[in-house]
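S.K.: Got a structure for you, questions after.
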Amino acid sequence: RSGELRAYLDMRDGNDGLDPNPSYNGPLDKTPNFRGIPYYQRKLNEFVVTFARCFNEGYIDINGQDIPGHADGYGIDTGSGSPTGIRFFTILDASGNPVDSAAFAGDYSQLKAKNITVSKDIMENIYNIAASDTDGQEGNIENLRALLGMRHDPHMFAEGAPEDFMKSLIATLGIDSQQAARISANQDSIIKQVENRRMSVSGVSIDEEMANLVKYQHAYNASAMVITAISQIYDTLINRLGI
């Protein structure tokens, strides 16, 4: 329930109190109310999925404007009069190789921060990059401009632009790290205070013991002198006075 082991468990399982299983609403299935490894994994996955979906498919901004995605653009080799339909970001397969856009099929439930990759279509043929917003215009890069503009879109995330999201995440990590360091330092200070209190009651003070040793030594010497004086009195009374 507490101590170093509890801290390790919170770091391993902490997801800011969310349900690990969203389909279960019971109070016993909550994660620790702590921002541990699962929390930061979830936030990174959230960034990857949101950004990849917007980049691939496009989105409608807060003003109702339709922002095209990579799949809406045209590559050099398109020539069919229709957009490429190729998604720039996909996932890695079980063997660690990028899948193509058709195999990915826009299934973002599979996409994680650990398996995001550039599509196999792009890796094998850079002419599939949909830079143009019009078919047959080789020098047209308007779709590419729109894709690059997503970097500064303040409405993509609740935190703002993609850069703002990552800055917020790093700032949160730094704050959590500093707070953990302060809590650890405070705990060490409390432990030292308790230890000093305990030692002040049950511990051994060298100075105090030395003072007691000197005091007992003087008391012994004084007692020895009293006994010597009494012995001399008896010797005089008995042996010299003949009593």
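For the structure tokens, the naming scheme is as follows: chains receive sequential letters (A, B, ...) according to their order of presentation, residues are indexed from 1 within each chain, and ligands are indexed from 1 in presentation order.
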Tell me, as JSON, numbers by chain, which residues lie within 10 Å of Gln110 in chain A, counting only C-alpha atoms; anything in the same chain fewer than 3 positions away does not count.

M.R.: {"A": [49, 90, 91, 92, 104, 106, 107, 115, 116]}

S.K.: Could you take the residues named above and write them with C-alpha atoms, as a PDB file, in the first residue's frame?

M.R.:
ATOM      1  CA  VAL A  49      -3.207   8.597 -34.185  1.00  0.00           C
ATOM      2  CA  THR A  90       0.811   3.268 -42.008  1.00  0.00           C
ATOM      3  CA  ILE A  91       1.928   0.561 -39.583  1.00  0.00           C
ATOM      4  CA  LEU A  92       4.601  -2.106 -39.359  1.00  0.00           C
ATOM      5  CA  PHE A 104      -3.598  -0.487 -43.787  1.00  0.00           C
ATOM      6  CA  GLY A 106      -7.242   3.481 -42.668  1.00  0.00           C
ATOM      7  CA  ASP A 107      -7.591   1.267 -39.588  1.00  0.00           C
ATOM      8  CA  ASN A 115       4.544   0.807 -34.919  1.00  0.00           C
ATOM      9  CA  ILE A 116       3.949   3.967 -36.973  1.00  0.00           C
TER      10      ILE A 116
END

S.K.: So, with only C-alpha atoms as the atoms that count, which of A:Arg12, A:Arg6, A:Lys43, A:Arg145 lies closest to Ser168 in chain A?

M.R.: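 Between A:Arg12, A:Arg6, A:Lys43, A:Arg145, the residue approaching Ser168 in chain A most closely is A:Lys43.
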
S.K.: From the DSSP assignment of the backbone, select every residue of range 50-241 of chain A that is strand (DSSP E), and format the answer as a ChimeraX atom specification.

M.R.: /A:58-60,66-68,89-91,116-118

S.K.: Could you pull out the alpha helix (DSSP H) residues of range 21-216 of chain A, going by DSSP on the backbone, and write them as a PyMOL selection string?

M.R.: chain A and resi 37-57+101-104+120-124+142-149+162-202+206-216

S.K.: Between A:Ala94, A:Ala158, A:Arg35, A:Asp121, which has the minimum distance to Gly174 in chain A (counting only C-alpha atoms)?

M.R.: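 That would be A:Arg35, the residue with the smallest distance to Gly174 in chain A.
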